[in-house]
Amino acid sequence: MSETKKQIIVYSDDSSVRAAIASALGRRIAADLPEHEIHEFATGSALRAYVDGKSIGGGARAHLFILDGEAAQEGGMGIARQLKDEVFNCPPVLVITGRKEDAWLAAWSLAEASVVHPIDPFTLAKTAAQLLRGTTLVSAQII
């Protein structure tokens with residue numbers, strides 16, 4: 001496939017969560033999607049610096065944000081809300097919540113989808129693929 005690689009932004013203060021996300025996504029999420037690059041961020045300030053320094057709206061420097069809602073210091077849900085409020089044509093956001101009951105918080109954050117910790121690789125990859133294809137979800141939780 002000669003398509004440009006999809007750019008996926010991953011935020012979590014926990015390196016094991018970032019590694020689990022990267023492992024679940026592999027090099028290509030689905031056969032009908034191009035390969036992707038993952039950009040990992042451990043702090044909200046580093047993520048904001050990247051967003052502020054890159055054209056992610058029309059320039060498509062990011063195609064998907066995956067944010068850890070349970071991150072310490074600065075949770076992914078607050079960052080999701082800020083991105084949706086401040087970034088023109090913000091790419092889709094997937095939030096990872098601590099409990100299935102937290103789906104309403106992910107909805108408040110304006111995220112298009114949420115999945116639950118611990119990360120199920122199949123659910124995460126399927127949800128990410130749907131978002132990259134343009135399919136809007138409310139949540140993709142395992143019950």
# chains A, B, ... in the order shown; residues from 1 in each chain; ligands from 1

$ residues_around --residues "A:Arg133" --least-positions-apart "5" --cutoff "10 Å" --atoms "only C-alpha atoms" --output "ChimeraX atom specification"
/A:32-33,127-128

$ residues_around --residues "A:Leu67" --least-positions-apart "2" --cutoff "7 Å" --atoms "only C-alpha atoms" --output "count of residues only"
9

$ residues_around --residues "A:Ala72" --least-positions-apart "5" --cutoff "10 Å" --atoms "only C-alpha atoms" --output "list in words"
Ser12, Asp13, Asp14, Ala42 and Thr43 of chain A

$ write_last_selection --atoms "N, CA and C atoms" --output "PDB file, in the first residue's frame"
ATOM      1  N   SER A  12       0.233   8.412  28.035  1.00  0.00           N
ATOM      2  CA  SER A  12       0.092   7.784  29.348  1.00  0.00           C
ATOM      3  C   SER A  12       1.370   8.052  30.120  1.00  0.00           C
ATOM      4  N   ASP A  13       1.228   8.295  31.413  1.00  0.00           N
ATOM      5  CA  ASP A  13       2.417   8.477  32.236  1.00  0.00           C
ATOM      6  C   ASP A  13       3.083   7.146  32.549  1.00  0.00           C
ATOM      7  N   ASP A  14       2.383   6.047  32.274  1.00  0.00           N
ATOM      8  CA  ASP A  14       2.853   4.701  32.582  1.00  0.00           C
ATOM      9  C   ASP A  14       3.428   4.054  31.314  1.00  0.00           C
ATOM     10  N   ALA A  42       4.609  10.950  27.662  1.00  0.00           N
ATOM     11  CA  ALA A  42       4.436  10.591  29.069  1.00  0.00           C
ATOM     12  C   ALA A  42       3.884  11.739  29.899  1.00  0.00           C
ATOM     13  N   THR A  43       3.884  12.949  29.348  1.00  0.00           N
ATOM     14  CA  THR A  43       3.349  14.099  30.077  1.00  0.00           C
ATOM     15  C   THR A  43       2.401  14.893  29.182  1.00  0.00           C
TER      16      THR A  43
END

$ atom_distance --atom1 "atom CA of A:Phe122" --atom2 "atom CA of A:Glu74"
26.6 Å

$ residues_around --residues "A:Val115" --least-positions-apart "5" --cutoff "12 Å" --atoms "only C-alpha atoms" --output "count of residues only"
37

$ closest_residue --among "A:Glu37, A:Glu86, A:Glu112, A:Asp52" --to "A:Thr4" --atoms "only C-alpha atoms"
A:Glu37

$ atom_distance --atom1 "atom CA of A:Ala49" --atom2 "atom CA of A:Arg61"
13.3 Å

$ atom_distance --atom1 "atom CA of A:Gln7" --atom2 "atom CA of A:Pro91"
10.3 Å
